[in-house]
Amino acid sequence: MNSNLRRWAPLFLGPTLVAFCIGFVYPFLHGVYLSFCRFITTGDATWVGFNNYIEALSDPSFVHSFWFTALFTAVSVIAVNALAFAVALALTGQVRGRNIFRTVFFSPNLIGGIVLGYIWQLIFNGILANFGTALVLEAKYGFWGLVILMCWQQVGYMMIIYIAGLQSVPKSLYEAARIDGASRWQLLRNVTVPMVMPSITVCTFLTLTGSFKLFDQNLALTGGAPGVVGEGGSMVYRTEMLALNIYNTFYGPGSARGVGQAKAVLFFILVAFIAFWQLRYTRKREVQL
Amino acid sequence: MKRKTIWLVLCILLITLFSGCSRKNDTGKVYYLNFKPEQDAAWQQLAQKYTEETGVEVEVLTAAEGQYEQTLTGEMDKSDAPTLFQVNGPVGLANWKDYCLDLSGSKVLGELTDDSFALREDDKVYGIAYAVETYGIIYNKTLLDKYFDSDFSTVKRVEDINNFDSFSSVVREIQSHKEELGVQGAFTSAGMDASSDWRFKNHLANLPIYYEYTERDITSADKIEGRFLDGYKNIWDLYINNSTVEPTALSSKTATDAATEFKTGKAVFYQNGTWEYGNIKEQNGVGLKDEELGILPIYIGAPGEEEQGLCTGSENYWCVNARASQADQQATLDFLYWVVSDEDGTEALAEDMGFVAPFKMALEAENPLVKIAAEYVSDGKTPVSWAFTTIPSDNWKNALGTALTQYAAGKGSWDDVERAFVEGWESEYAAAHK
């Protein structure tokens, strides 16, 4: 048995391993290498050392997009998870037609980000036009627009995960707690939340990384606008998130490709670090029965 | 033993997989990465015809609107890279110079009617312009005549519109009597959506740049002083305050909005170029007849502008990939020569694509806007060259566009526009030449 496994392992693992190397390991390592280079096409690069990183970090638009992304992530993680949890709680109770509601809430998640961005752009501009303004004119509209869009798209998906978590909480725990005289609030705080902690871990992980890496919706909704011309003529897009900033940098003139690549490597480290830290933190709070 | 066999099989599989990608041909072939989506079908047809005639394979790929740099970057990385691609003038050339073959002495270069259509740097020819285009303020003759015949008009003939003052009084009078003329505004909406904002951050910005270059007697600059920015403000104020919509609504107006307003007679003036003919001509009863179309130069109040003509130039240059195989390069040069000299090629350029091609054998285009443009030149008006091809970067245009949008909506000051124009130029030029 064991020797059979050993013999056939390369055949079954091989193709996936090769695909993983071609599709992930090689591009990733090559990407890291390119972040130290000046290049136009990836096959033709000259080594420039840490210049790209210095330039990336001294770029005010990169710094701004980092803070904008961080703020957006904080707001949208809380908003999406709170809403999703609330909807999940409501739809696990005795509601008529709850399956229909679940489907309705889930369906926005099936629409692509670009399409959603344009649809919401029309909606927001339609509303804002009544006040003589538009989405791209002020950063705060773009910010809250993105938050609303993300909630609308993500709440349904997270709701499904929460529903699965809520349904797996044993009824006996609630009964025991009720016999002990727990109020509804105490039930929620001391029974439900600790028991669905695995779902919370998954959902915060998904929303956190998802918000940090957001690109399509950002591109379609505001495209980063409005931009502000600062001292010395450099331009900062007020609603440009990190991924869009990297993309815009990459296709700029001259040495920009390498700088964009350096930003992308920094971005990877950042997202990996945050995700790792968040997983550790929420895992600790999961309870085992 | 068996294990070794399996590994061997896997390796062979992989090798065949990769070798399948490598190419084997000696006759050379042409791979054209086309910039203009509206001409895709015409190019495909032309390529097919060439293959039928000569047996040389011609592949045409068209990048999506606004995605040319992205597509080119990706395609150039492949082993089967484009043999023929485009740059949009000296700025685009800066990125791709190492990939451009020196075209000096090539047959297609010899076909150019004027040497200024070759993109030169360091005594080498890196690109050849293939489409000369013209823009200005397109107007609806029927509506403008209606204005001339009205008793409130102070200008009575189109010939009398020859500077900013006369033009702006026409515009203001039309705007204040728009109900009597049955229009919604003098100008179509100056939309600042990405589909339309290039008309202002790029084409309109050409005039202050052109006048400054002319005054300073230069053809490109690392710093711009903004000597004619007052003129830029004049014309922009005129556009935004005398249009079909409120200035605050401009940020989300699109190119289609403006074209539709013009086609349906809701506005008299429309800043655009010869390429727009297909969109505004009469189709299914909507649009303008050829004899209803006219173009005026864009006046900004610069001295001596009475003699100014339309803005004519090119930002589409053919480049041959210097890293392609010799056979492919030769095939590409042969193809280009065929396109500009053979009957089928010139016909396609002039009729199917509607280009005014700067080549000796080129046929005359059917486009009435092109004919009007030619009349300006024969009347002795000085064409305004396309100085905007020296704009240091797309970032500069975007910054300017944003500042214009904010200014139009009343959220930003004209100082921001000036800062984007002058300081932005300096910093973007420095960034691009690092």
# chains A, B, ... in the order shown; residues from 1 in each chain; ligands from 1
$ residues_around --residues "Ile280 (chain B)" --least-positions-apart "3" --cutoff "8 Å" --atoms "only C-alpha atoms" --output "list in words"
Ala259, Thr260, Phe262, Lys263, Glu276, Tyr277, Gly287 and Leu288 of chain B
$ write_last_selection --atoms "C-alpha atoms" --output "PDB file, in the first residue's frame"
ATOM      1  CA  ALA B 259     -22.101  63.364 -29.726  1.00  0.00           C
ATOM      2  CA  THR B 260     -25.807  62.725 -29.212  1.00  0.00           C
ATOM      3  CA  PHE B 262     -24.720  67.484 -31.439  1.00  0.00           C
ATOM      4  CA  LYS B 263     -26.394  64.901 -33.676  1.00  0.00           C
ATOM      5  CA  GLU B 276     -15.711  61.957 -35.398  1.00  0.00           C
ATOM      6  CA  TYR B 277     -17.396  62.185 -38.814  1.00  0.00           C
ATOM      7  CA  GLY B 287     -27.367  63.258 -37.578  1.00  0.00           C
ATOM      8  CA  LEU B 288     -26.050  65.927 -39.866  1.00  0.00           C
TER       9      LEU B 288
END
$ interface_residues --of "chain A" --to "chain B" --cutoff "8 Å" --atoms "only C-alpha atoms" --output "PyMOL selection string"
chain A and resi 7-8+10-11+40-43+125+129+132-134+136-137+225-229+232-235+251-255
$ atom_distance --atom1 "CA of Glu286 (chain A)" --atom2 "CA of Pro198 (chain A)"
6.1 Å
$ select_by_dssp --residues "region 105-162 of chain A" --states "alpha helix (DSSP H)" --output "mmCIF file with N, CA and C atoms, in the first residue's frame"
data_model
loop_
_atom_site.group_PDB
_atom_site.id
_atom_site.type_symbol
_atom_site.label_atom_id
_atom_site.label_comp_id
_atom_site.auth_asym_id
_atom_site.auth_seq_id
_atom_site.Cartn_x
_atom_site.Cartn_y
_atom_site.Cartn_z
ATOM 1 N N PHE A 105 -30.265 37.957 -0.685
ATOM 2 C CA PHE A 105 -29.101 38.617 -0.105
ATOM 3 C C PHE A 105 -27.790 38.122 -0.721
ATOM 4 N N PHE A 106 -27.795 36.860 -1.141
ATOM 5 C CA PHE A 106 -26.564 36.291 -1.669
ATOM 6 C C PHE A 106 -26.280 36.732 -3.106
ATOM 7 N N GLY A 113 -17.137 42.675 -10.135
ATOM 8 C CA GLY A 113 -16.810 43.948 -9.497
ATOM 9 C C GLY A 113 -16.895 45.152 -10.413
ATOM 10 N N ILE A 114 -16.429 45.004 -11.652
ATOM 11 C CA ILE A 114 -16.443 46.125 -12.591
ATOM 12 C C ILE A 114 -17.877 46.560 -12.882
ATOM 13 N N VAL A 115 -18.721 45.547 -13.143
ATOM 14 C CA VAL A 115 -20.125 45.837 -13.461
ATOM 15 C C VAL A 115 -20.782 46.535 -12.277
ATOM 16 N N LEU A 116 -20.547 45.982 -11.083
ATOM 17 C CA LEU A 116 -21.106 46.584 -9.874
ATOM 18 C C LEU A 116 -20.665 48.027 -9.731
ATOM 19 N N GLY A 117 -19.369 48.250 -9.981
ATOM 20 C CA GLY A 117 -18.824 49.596 -9.845
ATOM 21 C C GLY A 117 -19.555 50.579 -10.744
ATOM 22 N N TYR A 118 -19.769 50.190 -11.998
ATOM 23 C CA TYR A 118 -20.436 51.108 -12.921
ATOM 24 C C TYR A 118 -21.899 51.306 -12.556
ATOM 25 N N ILE A 119 -22.556 50.214 -12.129
ATOM 26 C CA ILE A 119 -23.966 50.336 -11.746
ATOM 27 C C ILE A 119 -24.111 51.324 -10.582
ATOM 28 N N TRP A 120 -23.264 51.132 -9.561
ATOM 29 C CA TRP A 120 -23.367 52.012 -8.389
ATOM 30 C C TRP A 120 -22.944 53.428 -8.712
ATOM 31 N N GLN A 121 -22.022 53.576 -9.671
ATOM 32 C CA GLN A 121 -21.630 54.923 -10.079
ATOM 33 C C GLN A 121 -22.843 55.675 -10.616
ATOM 34 N N LEU A 122 -23.639 54.971 -11.433
ATOM 35 C CA LEU A 122 -24.848 55.594 -11.977
ATOM 36 C C LEU A 122 -25.820 55.947 -10.855
ATOM 37 N N ILE A 123 -25.994 55.018 -9.920
ATOM 38 C CA ILE A 123 -26.936 55.253 -8.824
ATOM 39 C C ILE A 123 -26.492 56.466 -7.993
ATOM 40 N N PHE A 124 -25.220 56.450 -7.579
ATOM 41 C CA PHE A 124 -24.732 57.546 -6.728
ATOM 42 C C PHE A 124 -24.790 58.882 -7.467
ATOM 43 N N ASN A 125 -24.362 58.869 -8.742
ATOM 44 C CA ASN A 125 -24.395 60.127 -9.487
ATOM 45 C C ASN A 125 -25.814 60.626 -9.664
ATOM 46 N N GLY A 126 -26.747 59.671 -9.829
ATOM 47 C CA GLY A 126 -28.151 60.052 -9.959
ATOM 48 C C GLY A 126 -28.650 60.751 -8.702
ATOM 49 N N ILE A 127 -28.225 60.222 -7.550
ATOM 50 C CA ILE A 127 -28.658 60.836 -6.289
ATOM 51 C C ILE A 127 -27.945 62.171 -6.070
ATOM 52 N N LEU A 128 -26.617 62.152 -6.266
ATOM 53 C CA LEU A 128 -25.829 63.350 -5.976
ATOM 54 C C LEU A 128 -26.158 64.505 -6.923
ATOM 55 N N ALA A 129 -26.634 64.163 -8.133
ATOM 56 C CA ALA A 129 -26.959 65.212 -9.101
ATOM 57 C C ALA A 129 -28.031 66.147 -8.537
ATOM 58 N N ALA A 139 -13.723 63.315 -2.167
ATOM 59 C CA ALA A 139 -13.209 62.020 -1.748
ATOM 60 C C ALA A 139 -14.171 61.303 -0.804
ATOM 61 N N LYS A 140 -14.898 62.068 0.034
ATOM 62 C CA LYS A 140 -15.758 61.388 1.008
ATOM 63 C C LYS A 140 -16.897 60.632 0.306
ATOM 64 N N TYR A 141 -17.392 61.173 -0.805
ATOM 65 C CA TYR A 141 -18.430 60.439 -1.542
ATOM 66 C C TYR A 141 -17.865 59.117 -2.049
ATOM 67 N N GLY A 142 -16.663 59.197 -2.611
ATOM 68 C CA GLY A 142 -16.032 57.995 -3.140
ATOM 69 C C GLY A 142 -15.817 56.965 -2.052
ATOM 70 N N PHE A 143 -15.376 57.442 -0.882
ATOM 71 C CA PHE A 143 -15.105 56.537 0.231
ATOM 72 C C PHE A 143 -16.363 55.815 0.680
ATOM 73 N N TRP A 144 -17.400 56.578 0.988
ATOM 74 C CA TRP A 144 -18.635 55.936 1.464
ATOM 75 C C TRP A 144 -19.306 55.152 0.359
ATOM 76 N N GLY A 145 -19.131 55.612 -0.861
ATOM 77 C CA GLY A 145 -19.653 54.851 -1.998
ATOM 78 C C GLY A 145 -19.038 53.463 -2.047
ATOM 79 N N LEU A 146 -17.727 53.415 -1.855
ATOM 80 C CA LEU A 146 -17.031 52.121 -1.866
ATOM 81 C C LEU A 146 -17.502 51.232 -0.709
ATOM 82 N N VAL A 147 -17.681 51.858 0.459
ATOM 83 C CA VAL A 147 -18.136 51.087 1.618
ATOM 84 C C VAL A 147 -19.520 50.486 1.342
ATOM 85 N N ILE A 148 -20.420 51.317 0.829
ATOM 86 C CA ILE A 148 -21.776 50.829 0.545
ATOM 87 C C ILE A 148 -21.723 49.701 -0.493
ATOM 88 N N LEU A 149 -20.941 49.929 -1.533
ATOM 89 C CA LEU A 149 -20.814 48.911 -2.584
ATOM 90 C C LEU A 149 -20.306 47.588 -2.006
ATOM 91 N N MET A 150 -19.265 47.677 -1.188
ATOM 92 C CA MET A 150 -18.680 46.458 -0.612
ATOM 93 C C MET A 150 -19.674 45.744 0.279
ATOM 94 N N CYS A 151 -20.413 46.515 1.086
ATOM 95 C CA CYS A 151 -21.413 45.901 1.962
ATOM 96 C C CYS A 151 -22.434 45.172 1.110
ATOM 97 N N TRP A 152 -22.908 45.864 0.109
ATOM 98 C CA TRP A 152 -23.963 45.299 -0.727
ATOM 99 C C TRP A 152 -23.501 43.985 -1.363
ATOM 100 N N GLN A 153 -22.223 43.971 -1.769
ATOM 101 C CA GLN A 153 -21.729 42.782 -2.444
ATOM 102 C C GLN A 153 -21.355 41.670 -1.478
ATOM 103 N N GLN A 154 -20.744 42.027 -0.343
ATOM 104 C CA GLN A 154 -20.137 41.022 0.522
ATOM 105 C C GLN A 154 -21.064 40.480 1.599
ATOM 106 N N VAL A 155 -22.058 41.274 2.003
ATOM 107 C CA VAL A 155 -22.886 40.862 3.133
ATOM 108 C C VAL A 155 -23.540 39.500 2.893
ATOM 109 N N GLY A 156 -24.049 39.285 1.698
ATOM 110 C CA GLY A 156 -24.724 38.022 1.403
ATOM 111 C C GLY A 156 -23.814 36.819 1.547
ATOM 112 N N TYR A 157 -22.595 36.979 1.061
ATOM 113 C CA TYR A 157 -21.638 35.878 1.102
ATOM 114 C C TYR A 157 -21.272 35.527 2.543
ATOM 115 N N MET A 158 -20.942 36.570 3.308
ATOM 116 C CA MET A 158 -20.564 36.353 4.710
ATOM 117 C C MET A 158 -21.754 35.810 5.494
ATOM 118 N N MET A 159 -22.948 36.267 5.123
ATOM 119 C CA MET A 159 -24.172 35.793 5.772
ATOM 120 C C MET A 159 -24.280 34.279 5.692
ATOM 121 N N ILE A 160 -23.972 33.727 4.513
ATOM 122 C CA ILE A 160 -24.071 32.279 4.340
ATOM 123 C C ILE A 160 -23.124 31.560 5.303
ATOM 124 N N ILE A 161 -21.908 32.105 5.436
ATOM 125 C CA ILE A 161 -20.947 31.478 6.350
ATOM 126 C C ILE A 161 -21.447 31.571 7.789
ATOM 127 N N TYR A 162 -21.990 32.726 8.149
ATOM 128 C CA TYR A 162 -22.508 32.886 9.510
ATOM 129 C C TYR A 162 -23.697 31.969 9.765
#
$ atom_distance --atom1 "CA of Ala348 (chain B)" --atom2 "CA of Tyr50 (chain B)"
11.7 Å
$ residues_around --residues "region 137-150 of chain B" --least-positions-apart "3" --cutoff "9 Å" --atoms "only C-alpha atoms" --output "CSV table (one decimal) with all heavy atoms, in the first residue's frame"
chain,number,residue,atom,x,y,z
B,153,SER,N,-28.5,88.9,-33.4
B,153,SER,CA,-27.1,88.5,-33.6
B,153,SER,C,-26.3,89.7,-34.0
B,153,SER,O,-26.7,90.6,-34.8
B,153,SER,CB,-27.0,87.4,-34.7
B,153,SER,OG,-27.6,87.9,-35.9
B,154,THR,N,-25.1,89.8,-33.4
B,154,THR,CA,-24.2,90.9,-33.8
B,154,THR,C,-23.2,90.5,-34.9
B,154,THR,O,-22.6,91.3,-35.6
B,154,THR,CB,-23.4,91.4,-32.6
B,154,THR,OG1,-22.8,90.3,-32.0
B,154,THR,CG2,-24.3,92.1,-31.6
B,155,VAL,N,-23.0,89.2,-35.0
B,155,VAL,CA,-22.1,88.7,-36.1
B,155,VAL,C,-23.0,88.1,-37.1
B,155,VAL,O,-23.9,87.3,-36.8
B,155,VAL,CB,-21.1,87.6,-35.5
B,155,VAL,CG1,-20.2,87.1,-36.6
B,155,VAL,CG2,-20.3,88.2,-34.4
B,156,LYS,N,-22.7,88.4,-38.4
B,156,LYS,CA,-23.7,88.0,-39.4
B,156,LYS,C,-23.1,86.9,-40.4
B,156,LYS,O,-23.8,86.4,-41.2
B,156,LYS,CB,-24.2,89.2,-40.2
B,156,LYS,CG,-25.0,90.2,-39.4
B,156,LYS,CD,-26.3,89.6,-39.0
B,156,LYS,CE,-27.1,90.6,-38.2
B,156,LYS,NZ,-28.3,89.9,-37.6
B,157,ARG,N,-21.8,86.7,-40.4
B,157,ARG,CA,-21.2,85.8,-41.3
B,157,ARG,C,-20.2,85.0,-40.6
B,157,ARG,O,-19.5,85.4,-39.7
B,157,ARG,CB,-20.5,86.6,-42.5
B,157,ARG,CG,-21.4,87.4,-43.4
B,157,ARG,CD,-20.5,88.0,-44.5
B,157,ARG,NE,-19.3,88.5,-43.9
B,157,ARG,CZ,-18.1,88.6,-44.6
B,157,ARG,NH1,-18.1,88.2,-45.9
B,157,ARG,NH2,-17.0,89.1,-44.1
B,158,VAL,N,-20.0,83.7,-41.1
B,158,VAL,CA,-19.1,82.8,-40.4
B,158,VAL,C,-17.6,83.3,-40.6
B,158,VAL,O,-16.8,83.1,-39.8
B,158,VAL,CB,-19.3,81.4,-40.9
B,158,VAL,CG1,-18.8,81.2,-42.3
B,158,VAL,CG2,-18.6,80.4,-39.9
B,170,VAL,N,-20.6,85.4,-30.2
B,170,VAL,CA,-21.6,84.5,-30.9
B,170,VAL,C,-22.1,83.5,-29.9
B,170,VAL,O,-23.3,83.3,-29.8
B,170,VAL,CB,-20.9,83.7,-32.1
B,170,VAL,CG1,-21.8,82.7,-32.6
B,170,VAL,CG2,-20.5,84.7,-33.2
B,173,GLU,N,-24.5,85.0,-27.3
B,173,GLU,CA,-25.8,85.4,-27.8
B,173,GLU,C,-26.6,84.1,-28.1
B,173,GLU,O,-27.8,84.1,-27.9
B,173,GLU,CB,-25.6,86.2,-29.1
B,173,GLU,CG,-25.2,87.6,-28.8
B,173,GLU,CD,-24.6,88.4,-30.0
B,173,GLU,OE1,-24.9,88.0,-31.1
B,173,GLU,OE2,-23.9,89.4,-29.8
B,174,ILE,N,-26.0,83.1,-28.6
B,174,ILE,CA,-26.7,81.8,-28.8
B,174,ILE,C,-27.2,81.3,-27.4
B,174,ILE,O,-28.4,80.9,-27.3
B,174,ILE,CB,-25.9,80.8,-29.5
B,174,ILE,CG1,-25.6,81.2,-30.9
B,174,ILE,CG2,-26.5,79.4,-29.4
B,174,ILE,CD1,-24.6,80.2,-31.6
B,181,LEU,N,-33.7,79.7,-30.6
B,181,LEU,CA,-33.0,78.9,-31.7
B,181,LEU,C,-33.3,77.5,-31.6
B,181,LEU,O,-33.0,76.7,-32.4
B,181,LEU,CB,-31.5,79.1,-31.5
B,181,LEU,CG,-31.0,80.5,-31.9
B,181,LEU,CD1,-29.6,80.7,-31.4
B,181,LEU,CD2,-31.0,80.7,-33.4
B,182,GLY,N,-34.1,77.1,-30.5
B,182,GLY,CA,-34.5,75.7,-30.4
B,182,GLY,C,-33.3,74.8,-30.0
B,182,GLY,O,-33.3,73.6,-30.3
B,183,VAL,N,-32.3,75.3,-29.3
B,183,VAL,CA,-31.2,74.5,-28.8
B,183,VAL,C,-31.2,74.5,-27.3
B,183,VAL,O,-31.9,75.3,-26.6
B,183,VAL,CB,-29.9,74.9,-29.3
B,183,VAL,CG1,-29.8,74.8,-30.8
B,183,VAL,CG2,-29.5,76.3,-28.9
B,262,PHE,N,-25.0,66.8,-30.2
B,262,PHE,CA,-24.7,67.5,-31.4
B,262,PHE,C,-25.5,66.9,-32.6
B,262,PHE,O,-26.1,67.6,-33.4
B,262,PHE,CB,-23.2,67.3,-31.7
B,262,PHE,CG,-22.8,68.2,-32.9
B,262,PHE,CD1,-22.7,69.5,-32.8
B,262,PHE,CD2,-22.4,67.6,-34.1
B,262,PHE,CE1,-22.3,70.3,-33.9
B,262,PHE,CE2,-22.0,68.3,-35.2
B,262,PHE,CZ,-22.0,69.7,-35.1
B,263,LYS,N,-25.6,65.6,-32.6
B,263,LYS,CA,-26.4,64.9,-33.7
B,263,LYS,C,-27.9,65.3,-33.7
B,263,LYS,O,-28.5,65.4,-34.8
B,263,LYS,CB,-26.3,63.4,-33.4
B,263,LYS,CG,-25.3,62.7,-34.2
B,263,LYS,CD,-25.3,61.2,-33.8
B,263,LYS,CE,-26.1,60.3,-34.6
B,263,LYS,NZ,-25.7,58.9,-34.4
B,265,GLY,N,-29.1,68.1,-32.8
B,265,GLY,CA,-29.3,69.5,-32.9
B,265,GLY,C,-29.6,70.2,-31.6
B,265,GLY,O,-30.3,71.3,-31.6
B,267,ALA,N,-27.2,71.3,-29.7
B,267,ALA,CA,-26.1,72.3,-29.5
B,267,ALA,C,-25.5,72.7,-30.8
B,267,ALA,O,-25.7,71.9,-31.8
B,267,ALA,CB,-25.0,71.7,-28.6
B,268,VAL,N,-24.9,73.8,-30.9
B,268,VAL,CA,-24.4,74.3,-32.2
B,268,VAL,C,-22.9,73.9,-32.4
B,268,VAL,O,-22.5,73.6,-33.5
B,268,VAL,CB,-24.5,75.9,-32.2
B,268,VAL,CG1,-24.1,76.4,-33.6
B,268,VAL,CG2,-25.9,76.3,-31.9
B,269,PHE,N,-22.2,74.0,-31.3
B,269,PHE,CA,-20.7,73.7,-31.4
B,269,PHE,C,-20.3,72.5,-30.6
B,269,PHE,O,-20.9,72.1,-29.6
B,269,PHE,CB,-20.0,74.9,-30.8
B,269,PHE,CG,-20.2,76.2,-31.5
B,269,PHE,CD1,-20.9,77.2,-30.8
B,269,PHE,CD2,-19.8,76.5,-32.7
B,269,PHE,CE1,-21.2,78.4,-31.4
B,269,PHE,CE2,-20.0,77.7,-33.4
B,269,PHE,CZ,-20.7,78.7,-32.7
B,270,TYR,N,-19.3,71.8,-31.2
B,270,TYR,CA,-18.8,70.6,-30.6
B,270,TYR,C,-17.3,70.4,-30.9
B,270,TYR,O,-16.9,70.3,-32.1
B,270,TYR,CB,-19.6,69.4,-31.4
B,270,TYR,CG,-19.2,68.0,-31.0
B,270,TYR,CD1,-18.9,67.7,-29.7
B,270,TYR,CD2,-19.3,67.0,-31.9
B,270,TYR,CE1,-18.6,66.4,-29.4
B,270,TYR,CE2,-19.0,65.7,-31.6
B,270,TYR,CZ,-18.7,65.4,-30.3
B,270,TYR,OH,-18.4,64.1,-30.0
B,271,GLN,N,-16.5,70.5,-29.9
B,271,GLN,CA,-15.1,70.4,-30.1
B,271,GLN,C,-14.7,68.9,-30.3
B,271,GLN,O,-14.8,68.1,-29.4
B,271,GLN,CB,-14.3,70.9,-28.9
B,271,GLN,CG,-12.8,70.9,-29.3
B,271,GLN,CD,-11.9,70.7,-28.1
B,271,GLN,OE1,-12.0,71.5,-27.1
B,271,GLN,NE2,-11.0,69.8,-28.1
B,272,ASN,N,-14.3,68.6,-31.5
B,272,ASN,CA,-13.8,67.3,-31.9
B,272,ASN,C,-13.1,67.3,-33.2
B,272,ASN,O,-12.9,68.4,-33.7
B,272,ASN,CB,-15.0,66.3,-31.9
B,272,ASN,CG,-14.6,65.0,-31.3
B,272,ASN,OD1,-13.5,64.5,-31.5
B,272,ASN,ND2,-15.5,64.4,-30.5
B,273,GLY,N,-12.8,66.2,-33.8
B,273,GLY,CA,-12.0,66.2,-35.0
B,273,GLY,C,-12.5,65.4,-36.1
B,273,GLY,O,-13.7,64.9,-36.1
B,288,LEU,N,-26.2,64.8,-39.0
B,288,LEU,CA,-26.1,65.9,-39.9
B,288,LEU,C,-25.6,65.5,-41.3
B,288,LEU,O,-24.8,64.6,-41.4
B,288,LEU,CB,-25.0,66.9,-39.3
B,288,LEU,CG,-25.5,67.8,-38.2
B,288,LEU,CD1,-25.6,67.1,-36.9
B,288,LEU,CD2,-24.6,69.0,-38.0
B,291,GLU,N,-23.4,68.7,-45.9
B,291,GLU,CA,-23.3,70.1,-46.2
B,291,GLU,C,-23.7,70.9,-45.0
B,291,GLU,O,-23.6,72.1,-45.0
B,291,GLU,CB,-24.2,70.5,-47.4
B,291,GLU,CG,-25.7,70.1,-47.3
B,291,GLU,CD,-26.0,68.7,-47.7
B,291,GLU,OE1,-25.1,67.9,-47.8
B,291,GLU,OE2,-27.2,68.4,-47.9
B,292,GLU,N,-24.1,70.2,-43.9
B,292,GLU,CA,-24.5,71.0,-42.7
B,292,GLU,C,-23.3,71.1,-41.7
B,292,GLU,O,-23.4,71.7,-40.7
B,292,GLU,CB,-25.6,70.2,-41.9
B,292,GLU,CG,-26.9,70.4,-42.6
B,292,GLU,CD,-28.0,69.7,-41.7
B,292,GLU,OE1,-27.9,68.4,-41.5
B,292,GLU,OE2,-28.9,70.3,-41.3
B,293,LEU,N,-22.2,70.4,-42.1
B,293,LEU,CA,-21.0,70.4,-41.2
B,293,LEU,C,-20.0,71.5,-41.5
B,293,LEU,O,-19.7,71.7,-42.7
B,293,LEU,CB,-20.3,69.0,-41.3
B,293,LEU,CG,-21.1,67.9,-40.6
B,293,LEU,CD1,-20.4,66.5,-41.1
B,293,LEU,CD2,-21.1,68.0,-39.1
B,294,GLY,N,-19.5,72.1,-40.5
B,294,GLY,CA,-18.4,73.0,-40.6
B,294,GLY,C,-17.4,72.9,-39.5
B,294,GLY,O,-17.8,72.3,-38.4
B,295,ILE,N,-16.2,73.4,-39.6
B,295,ILE,CA,-15.3,73.5,-38.5
B,295,ILE,C,-14.7,74.8,-38.3
B,295,ILE,O,-14.3,75.5,-39.3
B,295,ILE,CB,-14.1,72.5,-38.6
B,295,ILE,CG1,-14.5,71.1,-39.1
B,295,ILE,CG2,-13.4,72.3,-37.2
B,295,ILE,CD1,-13.3,70.2,-39.0
B,296,LEU,N,-14.6,75.3,-37.1
B,296,LEU,CA,-14.0,76.6,-36.8
B,296,LEU,C,-12.7,76.3,-36.0
B,296,LEU,O,-12.6,75.3,-35.3
B,296,LEU,CB,-14.8,77.5,-35.9
B,296,LEU,CG,-16.0,78.2,-36.6
B,296,LEU,CD1,-16.9,78.8,-35.5
B,296,LEU,CD2,-15.5,79.3,-37.5
B,297,PRO,N,-11.7,77.1,-36.2
B,297,PRO,CA,-10.5,76.9,-35.3
B,297,PRO,C,-10.8,77.3,-33.9
B,297,PRO,O,-11.8,77.9,-33.6
B,297,PRO,CB,-9.5,78.0,-35.9
B,297,PRO,CG,-10.0,78.4,-37.2
B,297,PRO,CD,-11.5,78.2,-37.2
B,298,ILE,N,-10.0,76.7,-33.0
B,298,ILE,CA,-10.3,77.0,-31.6
B,298,ILE,C,-9.5,78.3,-31.2
B,298,ILE,O,-8.3,78.3,-31.2
B,298,ILE,CB,-9.8,75.9,-30.7
B,298,ILE,CG1,-10.5,74.6,-31.1
B,298,ILE,CG2,-10.0,76.2,-29.2
B,298,ILE,CD1,-9.9,73.3,-30.4
B,310,LEU,N,-6.8,75.2,-38.3
B,310,LEU,CA,-7.2,74.1,-37.4
B,310,LEU,C,-6.0,73.4,-36.9
B,310,LEU,O,-4.9,73.7,-37.3
B,310,LEU,CB,-8.1,73.1,-38.2
B,310,LEU,CG,-9.3,73.8,-38.9
B,310,LEU,CD1,-10.0,72.7,-39.8
B,310,LEU,CD2,-10.3,74.2,-37.8
B,369,LEU,N,-15.2,66.8,-43.4
B,369,LEU,CA,-14.4,67.6,-42.4
B,369,LEU,C,-13.0,67.7,-42.9
B,369,LEU,O,-12.4,68.7,-42.7
B,369,LEU,CB,-14.5,66.9,-41.0
B,369,LEU,CG,-15.9,66.8,-40.4
B,369,LEU,CD1,-15.9,66.0,-39.1
B,369,LEU,CD2,-16.4,68.2,-40.1
$ residues_around --residues "region 213-219 of chain B" --least-positions-apart "6" --cutoff "12 Å" --atoms "only C-alpha atoms" --output "list in words"
Pro90, Asn206, Leu207, Glu225, Gly226, Arg227, Phe228, Ala302, Pro303, Gly304, Thr382, Val384, Ser385, Trp386, Ala387, Phe388, Thr389, Thr390 and Ile391 of chain B
$ write_last_selection --atoms "C-alpha atoms" --output "compact mmCIF listing (two decimals), in the first residue's frame"
# COMPACT_ATOMS: atom_id res chain seq x y z
CA PRO B 90 8.16 61.37 -28.80
CA ASN B 206 -2.59 71.91 -27.14
CA LEU B 207 -3.35 75.57 -27.87
CA GLU B 225 5.75 78.72 -18.24
CA GLY B 226 2.04 78.77 -18.93
CA ARG B 227 2.21 82.04 -20.87
CA PHE B 228 -1.14 81.42 -22.56
CA ALA B 302 -3.76 84.72 -28.56
CA PRO B 303 -2.23 87.58 -30.59
CA GLY B 304 -2.46 87.08 -34.33
CA THR B 382 -1.51 78.52 -40.38
CA VAL B 384 -1.71 74.54 -35.40
CA SER B 385 0.66 71.62 -34.91
CA TRP B 386 0.01 68.90 -32.37
CA ALA B 387 2.28 70.10 -29.60
CA PHE B 388 0.40 67.87 -27.16
CA THR B 389 2.41 64.89 -28.32
CA THR B 390 5.24 66.37 -26.24
CA ILE B 391 3.18 66.35 -23.03
